[in-house]
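J.: Provided below: my_file-v3.txt, containing compact mmCIF, C-alpha atoms.
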# COMPACT_ATOMS: atom_id res chain seq x y z
CA MET V 1 79.54 45.68 -17.63
CA LYS V 2 77.08 43.56 -19.49
CA PHE V 3 74.04 44.27 -21.66
CA TYR V 4 70.86 42.35 -20.97
CA ASN V 5 67.98 41.77 -23.33
CA SER V 6 65.29 42.20 -20.73
CA ALA V 7 64.61 43.73 -17.34
CA GLU V 8 63.73 40.23 -16.05
CA GLU V 9 67.23 38.93 -16.81
CA ALA V 10 68.95 42.05 -15.48
CA LEU V 11 67.02 41.81 -12.21
CA GLU V 12 67.48 38.08 -11.54
CA CYS V 13 70.15 38.97 -8.93
CA VAL V 14 67.59 40.66 -6.65
CA GLN V 15 66.82 38.71 -3.49
CA SER V 16 64.43 39.05 -0.56
CA GLY V 17 65.70 41.19 2.30
CA GLN V 18 67.95 43.32 0.11
CA THR V 19 68.32 47.08 0.06
CA ILE V 20 67.48 48.61 -3.32
CA MET V 21 68.14 52.18 -4.43
CA VAL V 22 65.72 53.52 -7.02
CA GLY V 23 66.52 56.69 -8.99
CA GLY V 24 64.10 59.41 -10.01
CA PHE V 25 62.27 62.44 -8.72
CA GLY V 26 58.68 61.26 -9.00
CA LEU V 27 58.40 59.73 -12.48
CA VAL V 28 61.10 61.99 -13.92
CA GLY V 29 64.32 60.03 -14.25
CA GLY V 30 62.77 56.94 -12.71
CA PRO V 31 63.81 53.54 -14.13
CA LEU V 32 60.22 52.85 -15.18
CA THR V 33 60.89 49.55 -16.99
CA LEU V 34 62.97 48.10 -14.15
CA ILE V 35 60.49 49.25 -11.48
CA ASP V 36 57.57 47.54 -13.24
CA THR V 37 59.60 44.32 -13.48
CA LEU V 38 60.83 44.55 -9.88
CA VAL V 39 57.18 44.66 -8.82
CA GLU V 40 56.57 41.30 -10.55
CA LEU V 41 59.47 39.51 -8.83
CA ASP V 42 58.86 36.96 -6.11
CA VAL V 43 60.85 38.83 -3.45
CA ASN V 44 59.86 40.53 -0.22
CA ASP V 45 61.20 42.35 2.87
CA LEU V 46 62.90 44.92 0.66
CA THR V 47 64.36 48.17 1.95
CA ILE V 48 63.80 50.84 -0.70
CA ILE V 49 65.93 53.98 -0.82
CA SER V 50 64.24 56.49 -3.12
CA ASN V 51 63.12 60.11 -2.88
CA ASN V 52 59.46 59.04 -3.23
CA LEU V 53 57.62 55.74 -3.14
CA GLY V 54 55.70 56.12 -6.40
CA GLU V 55 52.06 57.06 -6.43
CA GLN V 56 48.99 55.13 -5.27
CA GLY V 57 49.10 51.82 -7.14
CA GLN V 58 51.75 53.09 -9.56
CA GLY V 59 55.47 52.43 -9.89
CA LEU V 60 56.98 51.70 -6.47
CA GLY V 61 53.47 52.18 -5.07
CA LYS V 62 52.66 48.71 -6.47
CA LEU V 63 55.54 47.19 -4.52
CA LEU V 64 54.04 48.68 -1.36
CA GLU V 65 50.56 47.43 -2.28
CA GLN V 66 51.93 43.90 -2.54
CA LYS V 67 53.51 44.26 0.91
CA LYS V 68 57.01 43.62 -0.39
CA VAL V 69 58.49 46.71 1.27
CA LYS V 70 59.87 46.34 4.80
CA LYS V 71 61.34 49.81 5.04
CA ALA V 72 61.37 52.98 2.96
CA ILE V 73 64.12 55.59 3.19
CA GLY V 74 63.34 58.84 1.39
CA SER V 75 62.40 62.50 1.69
CA TYR V 76 58.91 62.97 0.29
CA PHE V 77 56.24 60.27 0.55
CA THR V 78 53.35 62.75 0.63
CA GLY V 79 52.43 62.00 -3.00
CA ASN V 80 51.35 58.46 -2.13
CA ARG V 81 48.73 58.25 0.65
CA ASP V 82 49.25 54.49 0.89
CA VAL V 83 52.69 55.10 2.44
CA GLY V 84 51.23 56.98 5.40
CA ASP V 85 48.44 54.42 5.81
CA ALA V 86 50.85 51.46 5.75
CA PHE V 87 53.05 53.26 8.27
CA GLN V 88 50.09 53.94 10.62
CA ARG V 89 49.14 50.25 10.43
CA GLY V 90 52.71 49.34 11.37
CA GLU V 91 53.29 47.47 8.10
CA ILE V 92 56.41 49.38 7.09
CA ASP V 93 59.25 51.30 8.70
CA ILE V 94 59.95 54.76 7.39
CA GLU V 95 63.14 56.72 7.64
CA LEU V 96 62.41 60.27 6.58
CA LEU V 97 65.46 62.34 5.63
CA PRO V 98 65.73 65.91 4.36
CA GLN V 99 66.24 65.69 0.61
CA GLY V 100 69.76 67.14 0.78
CA THR V 101 70.70 64.64 3.47
CA LEU V 102 69.30 61.77 1.41
CA ALA V 103 71.40 62.88 -1.57
CA GLU V 104 74.56 63.50 0.45
CA SER V 105 74.26 60.19 2.34
CA ILE V 106 74.09 58.33 -0.97
CA ARG V 107 77.04 60.34 -2.29
CA ALA V 108 78.99 59.50 0.87
CA GLY V 109 78.02 55.83 0.57
CA GLY V 110 79.57 55.68 -2.87
CA ALA V 111 82.65 57.67 -1.92
CA GLY V 112 83.99 55.72 1.05
CA ILE V 113 82.73 58.25 3.62
CA ALA V 114 81.06 56.61 6.64
CA GLY V 115 79.26 59.70 7.92
CA TYR V 116 79.30 63.48 7.90
CA TYR V 117 77.93 66.46 9.82
CA THR V 118 75.24 68.74 8.39
CA LYS V 119 73.37 71.74 9.80
CA THR V 120 70.18 70.50 8.19
CA SER V 121 67.50 69.23 10.62
CA PHE V 122 69.31 70.40 13.77
CA GLY V 123 66.76 71.13 16.50
CA THR V 124 63.90 69.39 14.66
CA ASP V 125 62.12 66.07 15.19
CA LEU V 126 64.17 64.53 12.36
CA ALA V 127 67.37 64.99 14.39
CA LYS V 128 65.99 63.16 17.44
CA GLY V 129 68.39 60.48 18.63
CA LYS V 130 71.17 61.66 16.33
CA GLU V 131 74.56 62.79 17.58
CA THR V 132 75.26 66.51 17.29
CA LYS V 133 78.48 68.46 17.35
CA MET V 134 79.49 72.12 17.44
CA PHE V 135 81.79 73.47 14.71
CA LYS V 136 82.70 77.19 14.76
CA ASP V 137 79.75 78.04 17.05
CA GLU V 138 77.19 76.23 14.95
CA GLU V 139 75.43 72.97 15.70
CA TYR V 140 75.59 70.09 13.22
CA VAL V 141 73.89 66.67 13.06
CA LEU V 142 75.80 63.45 12.35
CA GLU V 143 74.36 61.58 9.38
CA GLU V 144 75.47 58.16 8.19
CA ALA V 145 76.18 57.09 4.62
CA LEU V 146 73.68 54.99 2.67
CA GLN V 147 74.61 51.98 0.56
CA ALA V 148 72.58 49.33 -1.23
CA ASP V 149 72.82 45.83 -2.62
CA VAL V 150 71.30 46.90 -5.92
CA ALA V 151 70.64 50.29 -7.55
CA ILE V 152 68.17 50.59 -10.41
CA ILE V 153 68.54 53.86 -12.29
CA ARG V 154 67.76 55.60 -15.55
CA ALA V 155 70.15 57.34 -17.92
CA TYR V 156 69.66 58.86 -21.36
CA LYS V 157 72.42 57.05 -23.27
CA ALA V 158 74.99 54.38 -22.50
CA ASP V 159 77.92 53.52 -24.72
CA THR V 160 79.13 49.96 -25.21
CA LEU V 161 81.54 50.34 -22.26
CA GLY V 162 78.73 51.45 -19.94
CA ASN V 163 79.56 55.16 -19.77
CA LEU V 164 76.41 57.16 -19.08
CA VAL V 165 74.96 60.56 -19.91
CA TYR V 166 71.73 61.92 -18.45
CA TYR V 167 68.91 64.06 -19.79
CA LYS V 168 67.77 67.40 -18.28
CA THR V 169 66.13 67.04 -14.84
CA ALA V 170 65.94 63.25 -15.30
CA ARG V 171 69.46 63.22 -13.81
CA ASN V 172 68.58 63.90 -10.12
CA PHE V 173 69.56 60.95 -7.86
CA ASN V 174 70.66 58.60 -10.67
CA PRO V 175 74.41 59.38 -10.89
CA LEU V 176 74.68 59.28 -7.08
CA MET V 177 73.01 55.89 -6.80
CA ALA V 178 75.26 54.58 -9.56
CA THR V 179 78.15 54.92 -7.10
CA ALA V 180 76.58 53.48 -3.96
CA ALA V 181 75.37 49.95 -4.72
CA LYS V 182 77.10 46.59 -5.19
CA THR V 183 75.20 45.95 -8.42
CA VAL V 184 74.13 48.89 -10.58
CA ILE V 185 71.45 48.23 -13.18
CA VAL V 186 70.70 50.97 -15.69
CA GLU V 187 67.94 51.41 -18.23
CA VAL V 188 68.69 53.79 -21.07
CA ASP V 189 66.84 55.24 -24.04
CA GLU V 190 69.71 54.55 -26.40
CA ILE V 191 72.90 52.48 -26.61
CA VAL V 192 75.75 53.86 -28.75
CA GLU V 193 79.27 52.74 -29.65
CA ALA V 194 82.13 53.63 -27.32
CA GLY V 195 83.59 56.89 -28.59
CA GLU V 196 80.26 58.33 -29.66
CA LEU V 197 79.60 60.04 -26.33
CA LYS V 198 81.80 63.08 -25.79
CA SER V 199 84.32 62.20 -23.09
CA ASP V 200 83.75 65.62 -21.52
CA GLU V 201 80.05 64.99 -21.17
CA ILE V 202 80.07 61.53 -19.60
CA ALA V 203 78.52 61.98 -16.15
CA THR V 204 78.91 58.39 -14.91
CA PRO V 205 82.12 56.64 -16.04
CA HIS V 206 81.65 52.96 -16.85
CA LEU V 207 83.47 51.63 -13.77
CA PHE V 208 80.28 52.27 -11.75
CA VAL V 209 77.95 50.38 -14.10
CA ASP V 210 77.24 46.61 -14.04
CA ARG V 211 74.17 45.92 -16.16
CA VAL V 212 72.41 47.88 -18.91
CA ILE V 213 69.08 47.36 -20.63
CA LEU V 214 67.13 49.38 -23.19
CA ALA V 215 64.12 51.13 -21.64
CA LYS V 216 60.72 49.85 -22.74
CA LYS V 217 58.78 52.45 -20.77
CA VAL V 218 59.28 56.11 -21.46
CA LEU V 219 57.82 59.25 -19.89
CA THR V 220 56.06 61.40 -22.48
CA LYS V 221 53.78 64.44 -22.34
CA GLU V 222 50.86 62.02 -22.36
CA GLY V 223 52.24 59.93 -19.50
CA VAL V 224 54.22 56.69 -19.41
CA VAL V 225 54.26 54.96 -22.80
CA GLU V 226 55.44 51.47 -23.62
CA HIS V 227 57.45 50.81 -26.77
CA GLY V 228 59.73 48.20 -28.30
CA MET W 1 44.67 78.23 -11.99
CA ALA W 2 45.47 79.83 -8.71
CA ASN W 3 43.08 82.18 -7.00
CA PRO W 4 43.54 85.98 -6.91
CA ILE W 5 44.59 85.96 -3.23
CA GLN W 6 47.49 83.60 -3.98
CA GLU W 7 48.45 85.61 -7.06
CA ALA W 8 48.54 88.84 -5.02
CA ILE W 9 50.84 87.24 -2.42
CA ALA W 10 53.12 85.85 -5.14
CA LYS W 11 53.27 89.21 -6.91
CA ARG W 12 54.23 90.98 -3.69
CA ALA W 13 56.91 88.34 -2.95
CA ALA W 14 58.45 88.91 -6.40
CA GLN W 15 59.00 92.57 -5.46
CA GLU W 16 61.44 91.41 -2.75
CA LEU W 17 63.81 90.00 -5.38
CA GLU W 18 66.80 91.90 -6.71
CA GLN W 19 68.68 91.71 -9.99
CA GLY W 20 71.21 88.92 -10.25
CA GLN W 21 69.88 86.87 -7.35
CA ILE W 22 69.72 83.08 -7.27
CA VAL W 23 66.22 82.21 -6.05
CA ASN W 24 64.67 78.89 -5.04
CA LEU W 25 60.88 78.59 -5.08
CA GLY W 26 59.00 76.08 -2.92
CA ILE W 27 55.74 74.33 -3.73
CA GLY W 28 52.37 76.15 -3.67
CA ILE W 29 52.15 79.96 -3.67
CA PRO W 30 55.97 80.28 -4.08
CA THR W 31 55.78 78.51 -7.45
CA LEU W 32 53.52 81.33 -8.68
CA VAL W 33 56.27 83.87 -7.98
CA ALA W 34 57.91 82.64 -11.21
CA ASN W 35 55.11 84.40 -13.14
CA TYR W 36 56.26 87.79 -11.83
CA VAL W 37 60.04 87.65 -12.15
CA ASP W 38 62.23 88.88 -14.96
CA HIS W 39 64.01 85.70 -16.06
CA ASN W 40 66.81 87.70 -17.63
CA HIS W 41 67.81 89.13 -14.29
CA VAL W 42 66.76 86.61 -11.63
CA TYR W 43 68.00 83.02 -11.84
CA LEU W 44 65.59 80.40 -10.55
CA HIS W 45 67.08 77.29 -8.96
CA THR W 46 65.04 74.15 -8.47
CA GLU W 47 66.10 71.48 -5.96
CA ASN W 48 65.66 68.58 -8.39
CA GLY W 49 68.70 69.79 -10.31
CA MET W 50 68.34 72.87 -12.50
CA LEU W 51 69.47 76.50 -12.50
CA GLY W 52 67.76 78.75 -15.02
CA VAL W 53 64.10 77.82 -14.82
CA GLU W 54 61.55 79.74 -16.87
CA ASP W 55 57.96 79.36 -18.01
CA VAL W 56 57.14 77.01 -20.86
CA LEU W 57 54.46 77.14 -23.53
CA GLU W 58 52.11 74.16 -23.68
CA GLU W 59 53.46 73.08 -27.10
CA ASP W 60 57.07 73.23 -25.90
CA ILE W 61 56.64 71.05 -22.79
CA ASP W 62 59.34 68.43 -22.27
CA PRO W 63 58.17 65.92 -19.62
CA ASN W 64 61.75 65.56 -18.37
CA ILE W 65 62.11 69.24 -17.44
CA VAL W 66 60.21 69.83 -14.22
CA ASN W 67 60.46 71.92 -11.06
CA ALA W 68 60.28 70.79 -7.42
CA GLY W 69 56.48 70.62 -7.67
CA LYS W 70 56.92 68.26 -10.65
CA PHE W 71 55.34 70.83 -12.99
CA ALA W 72 56.75 71.28 -16.49
CA VAL W 73 59.06 74.28 -16.82
CA GLY W 74 61.25 75.81 -19.51
CA GLU W 75 64.97 76.19 -19.95
CA ALA W 76 66.25 79.78 -19.72
CA VAL W 77 69.28 80.91 -21.72
CA GLY W 78 72.35 79.70 -19.84
CA ALA W 79 70.45 77.06 -17.86
CA SER W 80 72.34 74.12 -16.35
CA TYR W 81 71.48 70.70 -14.94
CA PHE W 82 73.15 68.85 -12.07
CA ASP W 83 72.55 65.92 -9.72
CA SER W 84 70.71 66.11 -6.39
CA ALA W 85 73.89 66.20 -4.27
CA ALA W 86 75.25 69.17 -6.23
CA SER W 87 71.86 70.86 -6.03
CA PHE W 88 71.81 70.60 -2.24
CA ALA W 89 75.45 71.61 -2.00
CA MET W 90 74.29 74.86 -3.62
CA ILE W 91 71.45 75.14 -1.11
CA ARG W 92 73.23 74.04 2.07
CA GLY W 93 76.50 75.67 1.10
CA GLY W 94 75.07 79.17 1.09
CA HIS W 95 75.07 79.69 -2.68
CA VAL W 96 71.35 80.43 -2.98
CA ASP W 97 70.43 84.04 -2.20
CA VAL W 98 66.72 83.71 -1.52
CA ALA W 99 64.31 80.86 -0.76
CA ILE W 100 60.57 81.46 -0.93
CA LEU W 101 58.63 78.83 0.99
CA GLY W 102 55.07 77.98 1.91
CA VAL W 103 54.21 77.29 5.56
CA LEU W 104 51.54 75.70 7.70
CA GLN W 105 52.41 77.92 10.68
CA VAL W 106 54.94 80.59 11.61
CA ASP W 107 55.60 81.85 15.13
CA GLU W 108 56.62 85.17 16.68
CA HIS W 109 60.27 84.13 16.52
CA ALA W 110 59.74 83.68 12.76
CA ARG W 111 60.32 79.96 13.02
CA ILE W 112 58.21 77.94 10.62
CA ALA W 113 56.39 74.61 10.56
CA ASN W 114 55.75 73.23 7.07
CA TRP W 115 56.55 69.52 6.95
CA ALA W 116 54.41 67.57 9.40
CA VAL W 117 50.99 67.60 11.04
CA PRO W 118 50.74 65.31 14.07
CA GLY W 119 48.23 62.51 13.50
CA LYS W 120 47.99 63.15 9.76
CA ASN W 121 49.57 61.18 6.96
CA ILE W 122 51.81 63.91 5.65
CA ILE W 123 55.12 62.11 5.46
CA GLY W 124 57.38 64.35 3.51
CA VAL W 125 59.98 67.00 4.16
CA GLY W 126 61.62 67.41 0.74
CA GLY W 127 64.16 70.21 0.63
CA ALA W 128 62.56 72.55 3.20
CA MET W 129 65.00 71.89 6.06
CA ASP W 130 68.00 72.29 3.75
CA LEU W 131 66.71 75.58 2.34
CA LEU W 132 66.20 76.99 5.82
CA VAL W 133 69.75 76.30 6.95
CA GLY W 134 71.35 77.35 3.68
CA ALA W 135 69.52 80.18 1.93
CA ARG W 136 70.82 83.64 2.82
CA LYS W 137 67.32 85.11 2.95
CA VAL W 138 64.09 83.19 3.52
CA ILE W 139 60.71 84.65 2.60
CA VAL W 140 57.54 82.80 3.47
CA THR W 141 54.29 83.23 1.60
CA THR W 142 51.01 82.08 3.14
CA THR W 143 47.40 82.98 3.61
CA HIS W 144 47.13 84.78 6.94
CA THR W 145 44.57 82.33 8.32
CA SER W 146 43.75 78.67 7.74
CA LYS W 147 40.57 77.57 5.95
CA ASP W 148 38.72 77.49 9.29
CA GLY W 149 39.75 81.07 10.00
CA LYS W 150 42.50 80.41 12.57
CA SER W 151 45.63 82.54 12.59
CA LYS W 152 48.68 80.89 11.02
CA ILE W 153 50.94 83.48 12.67
CA LEU W 154 51.12 82.10 16.19
CA LYS W 155 52.96 82.79 19.43
CA GLU W 156 54.53 79.37 19.03
CA CYS W 157 54.20 76.77 16.27
CA LYS W 158 51.94 73.89 17.28
CA TYR W 159 53.24 71.64 14.52
CA PRO W 160 56.85 70.40 14.48
CA ILE W 161 59.24 73.16 13.39
CA THR W 162 61.24 72.85 10.18
CA SER W 163 64.36 74.58 11.51
CA THR W 164 65.56 76.63 14.47
CA ARG W 165 66.41 79.38 11.94
CA SER W 166 64.09 82.39 11.83
CA VAL W 167 62.82 83.49 8.44
CA ASN W 168 63.40 87.07 7.30
CA THR W 169 60.09 88.08 5.78
CA ILE W 170 56.48 86.90 5.97
CA ILE W 171 54.06 87.86 3.20
CA THR W 172 50.36 87.09 3.60
CA ASP W 173 47.14 88.23 1.96
CA LEU W 174 46.83 90.85 4.74
CA ALA W 175 50.31 92.06 5.56
CA VAL W 176 54.08 91.98 5.26
CA PHE W 177 56.23 91.37 8.36
CA ASN W 178 60.00 91.53 8.71
CA TYR W 179 61.82 89.76 11.53
CA ILE W 180 64.39 92.16 12.98
CA ASP W 181 66.36 91.86 16.22
CA GLY W 182 64.16 89.13 17.64
CA GLN W 183 60.82 90.73 16.89
CA LEU W 184 58.20 90.61 14.16
CA HIS W 185 57.64 94.02 12.60
CA LEU W 186 54.51 94.80 10.62
CA VAL W 187 55.91 96.85 7.75
CA GLU W 188 53.12 96.90 5.18
CA LEU W 189 49.41 96.31 4.75
CA MET W 190 48.40 94.47 1.61
CA PRO W 191 45.93 96.26 -0.70
CA GLY W 192 42.46 96.28 0.89
CA ALA W 193 43.66 95.21 4.35
CA ASP W 194 43.50 97.39 7.47
CA LEU W 195 45.41 97.33 10.75
CA GLU W 196 42.45 96.10 12.78
CA THR W 197 41.99 93.05 10.55
CA VAL W 198 45.70 92.23 10.84
CA GLU W 199 45.59 92.57 14.64
CA THR W 200 42.48 90.39 14.93
CA ASN W 201 43.95 87.64 12.76
CA THR W 202 47.49 87.57 14.18
CA GLU W 203 48.07 85.58 17.37
CA ALA W 204 51.78 86.43 17.51
CA THR W 205 52.98 89.61 19.17
CA PHE W 206 54.33 92.11 16.64
CA VAL W 207 55.63 95.67 16.53
CA ASN W 208 53.67 98.10 14.38
CA SER W 209 56.33 99.59 12.12
CA LEU W 210 53.97 100.96 9.47
CA LYS W 211 55.15 104.24 8.07
Can you give me the file's structure in the form of structure tokens?
T.:
Amino acid sequence: MKFYNSAEEALECVQSGQTIMVGGFGLVGGPLTLIDTLVELDVNDLTIISNNLGEQGQGLGKLLEQKKVKKAIGSYFTGNRDVGDAFQRGEIDIELLPQGTLAESIRAGGAGIAGYYTKTSFGTDLAKGKETKMFKDEEYVLEEALQADVAIIRAYKADTLGNLVYYKTARNFNPLMATAAKTVIVEVDEIVEAGELKSDEIATPHLFVDRVILAKKVLTKEGVVEHG
Amino acid sequence: MANPIQEAIAKRAAQELEQGQIVNLGIGIPTLVANYVDHNHVYLHTENGMLGVEDVLEEDIDPNIVNAGKFAVGEAVGASYFDSAASFAMIRGGHVDVAILGVLQVDEHARIANWAVPGKNIIGVGGAMDLLVGARKVIVTTTHTSKDGKSKILKECKYPITSTRSVNTIITDLAVFNYIDGQLHLVELMPGADLETVETNTEATFVNSLK
């Protein structure tokens, strides 16, 4: 694990054509500093795995606007009309997954599980083309694990080893994505000495974490605010 | 704020809840149900990773505590936070007692459509499919007709269904239906509604079980 002084330096490993996981449920728990820097990078053909794809012209929405997204994998793109429009124009591929399947596929991807069966989506359009199997008289759908080249996530605090704790509902997909990518880049509100976080409360042990930066963009009651 | 019709539906849905239940509220009218529950006796679960949701005063809002609709909420005594996989393990694994969901359409087999409209740019499913396979009881809340006056309670859903599972109870601005033994039963008229209005505005076949 290594600390970086800026999002630019932490993200220099990102290359065109890669698959990137992005934490957050809407803006809550999103790595806002890293997203805004990712948008500025000269890369394209990205596959983005994230519950949402930002809002119109905001966050990951900017990445879409700049036509850097080849494919989006997520559960709820309704909040950004541009996603539907780009899809209708054939500019991007979309893989829509039920939110629980998205979460479990990421969990599986980080846990050495290639696929799993779930009842969710059986008999619906989202199960079309997927293998099904009967267990104890109930039908299940085979879902495959998700993995990424890079995950960008947000945590509340990191210690100097890279152990992470999360804050309230800003946790969401972040600890899962921390397990499922080759390079895990985290932005945090605060960095503390090893030993200062209670061992019992560490949600992501440091073995999952590669790069840490201090967040420059923070979600407040008044919206996203820049500091530092 | 919400209109009186939505509030009346939400208030009626809250009456379905029992002490000690774990309840998940969807987006739209279901979110309003939170205004009518006793937070000391009903535990609200939200899919983005929280058990023990309650209302919050404007001055106490924390932007990092939100519900599935991304609205600010409060932290009840004994609340807990968890990641999205744990949250959906609770949902899919049968640990949530009741889910209250909004719908676009519901059919006479009590199957619902609430995630896609062919030809329109609604690309989102969220947690709806998971809640339908996992929640022990599913209640749907909806206006009885669409804005152009068409019945939302159809013989068969025209939009893609969300699950093959039938919901248990349908609460509209006109009536309450229960789905029992393969049939929709009209069990209650909402205040101000009469049987004729319900019949005229319901395309699905139903059994009149009014007492």
J.: Interatomic distance between atom CA of Tyr140 of chain V and atom CA of Arg111 of chain W?
T.: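 It comes out at 18.2 Å.
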J.: Taking all atoms listed in the file into account, name the residue in W:Gly102, W:Gly78, W:Pro30, W:Pro160 that is nearest to chain V.
T.: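 Smallest separation from chain V among the options: W:Pro160.
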J.: If you count all atoms listed in the file, which residues fall within 12 Å of Phe71 of chain W, apart from same-chain ones fewer than 5 positions away, as a PyMOL selection string?
T.: (chain V and resi 25-28+169+221) or (chain W and resi 26-28+31-32+46+48+53-56+58+61-66)
J.: Measuring atom to atom with only C-alpha atoms, identify which of W:Val117, W:Ile161, W:Ile22, W:Met90 is nearest to chain V.
T.: W:Ile161
J.: Can you build me a table of chain W residues sitting at most 7 Å from chain V, with the closest atom pair per residue and its distance in Å to one decimal, using only C-alpha atoms, sorted by chain and residue number, as CSV?
T.:
residue,atom,partner,partner_atom,distance
W:Asn48,CA,V:Asn172,CA,5.8
W:Gly49,CA,V:Thr169,CA,5.9
W:Met50,CA,V:Thr169,CA,6.7
W:Asp62,CA,V:Lys221,CA,6.8
W:Pro63,CA,V:Lys221,CA,5.4
W:Asn64,CA,V:Ala170,CA,5.7
W:Ile65,CA,V:Thr169,CA,5.3
W:Val66,CA,V:Thr169,CA,6.6
W:Tyr81,CA,V:Lys168,CA,6.0
W:Phe82,CA,V:Arg171,CA,7.0
W:Asp83,CA,V:Asn172,CA,4.5
W:Ser84,CA,V:Asn172,CA,4.8
W:Ala85,CA,V:Ala103,CA,5.0
W:Phe88,CA,V:Gly100,CA,5.0
W:Asn121,CA,V:Gly84,CA,4.8
W:Ile122,CA,V:Thr78,CA,5.4
W:Ile123,CA,V:Thr78,CA,5.2
W:Gly124,CA,V:Tyr76,CA,3.8
W:Val125,CA,V:Ser75,CA,5.7
W:Gly126,CA,V:Gln99,CA,4.9
W:Gly127,CA,V:Gln99,CA,5.0
W:Met129,CA,V:Thr120,CA,5.8
W:Asp130,CA,V:Thr120,CA,5.3
W:Val133,CA,V:Thr120,CA,5.9
W:Pro160,CA,V:Asp125,CA,6.9
W:Ile161,CA,V:Thr124,CA,6.1
W:Thr162,CA,V:Thr124,CA,6.3
W:Ser163,CA,V:Thr124,CA,6.1
W:Thr164,CA,V:Gly123,CA,6.0
J.: Could you dump the residues just selected with C-alpha atoms as a CSV table (one decimal), in the coordinates of the input?
T.:
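Resulting contents of part.csv:
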chain,number,residue,atom,x,y,z
W,48,ASN,CA,65.7,68.6,-8.4
W,49,GLY,CA,68.7,69.8,-10.3
W,50,MET,CA,68.3,72.9,-12.5
W,62,ASP,CA,59.3,68.4,-22.3
W,63,PRO,CA,58.2,65.9,-19.6
W,64,ASN,CA,61.8,65.6,-18.4
W,65,ILE,CA,62.1,69.2,-17.4
W,66,VAL,CA,60.2,69.8,-14.2
W,81,TYR,CA,71.5,70.7,-14.9
W,82,PHE,CA,73.2,68.8,-12.1
W,83,ASP,CA,72.6,65.9,-9.7
W,84,SER,CA,70.7,66.1,-6.4
W,85,ALA,CA,73.9,66.2,-4.3
W,88,PHE,CA,71.8,70.6,-2.2
W,121,ASN,CA,49.6,61.2,7.0
W,122,ILE,CA,51.8,63.9,5.6
W,123,ILE,CA,55.1,62.1,5.5
W,124,GLY,CA,57.4,64.4,3.5
W,125,VAL,CA,60.0,67.0,4.2
W,126,GLY,CA,61.6,67.4,0.7
W,127,GLY,CA,64.2,70.2,0.6
W,129,MET,CA,65.0,71.9,6.1
W,130,ASP,CA,68.0,72.3,3.8
W,133,VAL,CA,69.8,76.3,7.0
W,160,PRO,CA,56.8,70.4,14.5
W,161,ILE,CA,59.2,73.2,13.4
W,162,THR,CA,61.2,72.8,10.2
W,163,SER,CA,64.4,74.6,11.5
W,164,THR,CA,65.6,76.6,14.5
J.: Please, what is the axis-aligned box for every listed atom of segment 85-89 of chain W with 5 Å on each side, as centre and edge lengths in Å to one decimal, as JSON?
T.:
{"center_x": 73.6, "center_y": 68.9, "center_z": -4.1, "size_x": 13.6, "size_y": 15.4, "size_z": 14.2}
J.: How many Å separate atom CA of Asn201 of chain W from atom CA of Gln183 of chain W?
T.: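 Answer for the atom CA of Asn201 of chain W to atom CA of Gln183 of chain W separation: 17.6 Å.
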J.: Please, which residues are within 12 Å of (61.3, 54.0, -17.4) by the file's coordinates, counting only C-alpha atoms, and could they come as a PyMOL selection string?
T.: (chain V and resi 7+22-24+26-37+59-60+152-156+170+186-189+213-220+223-227) or (chain W and resi 64)
J.: Between V:Gln66, V:Gln56, V:Tyr116, V:Val39, which is the closest to Thr132 of chain V once you count all atoms listed in the file?
T.: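 Checking each of V:Gln66, V:Gln56, V:Tyr116, V:Val39 against Thr132 of chain V, counting all atoms listed in the file, the winner is V:Tyr116.
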J.: Of the candidates V:Glu196, V:Glu9, V:Glu55, V:Glu139, which one gets nearest to Asp159 of chain V if we count all atoms listed in the file?
T.: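 The shortest atom-to-atom distance to Asp159 of chain V comes from V:Glu196.
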J.: As an exercise, work out the distance from atom CA of Val192 of chain V to atom CA of Leu38 of chain V in Å and give it to one decimal place.
T.: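 Separation between atom CA of Val192 of chain V and atom CA of Leu38 of chain V: 25.8 Å.
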J.: So which one's closest to Leu131 of chain W, W:Cys157, W:Val23, W:Ile5, W:Ile170? Using all atoms listed in the file, please.
T.: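 Comparing W:Cys157, W:Val23, W:Ile5, W:Ile170 against Leu131 of chain W, the winner is W:Val23.
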J.: Please determine the residues with any atom at most 9 Å from (64.2, 35.9, -6.0) (coordinates as given in the file, with only C-alpha atoms counting) and report them as a list in words.
T.: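 Here the neighbourhood of the point contains Glu12, Cys13, Val14, Gln15, Ser16, Leu41, Asp42, Val43 and Asn44 of chain V.
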J.: Which residue gives the smallest distance to Met21 of chain V among V:Ala148, V:Leu207, V:Ile185, V:Met1, with all atoms listed in the file counted?
T.: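 Ranking V:Ala148, V:Leu207, V:Ile185, V:Met1 by distance to Met21 of chain V, first place goes to V:Ala148.
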J.: What lies within 9 Å of Leu186 of chain W using only C-alpha atoms, ignoring chain neighbours under 2 positions off, as a list in words?
T.: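 Near neighbours after the sequence-gap exclusion: Ala175, Val176, Phe177, Asn178, Tyr179, Leu184, Glu188, Leu189, Phe206, Val207, Asn208, Ser209 and Leu210 of chain W.
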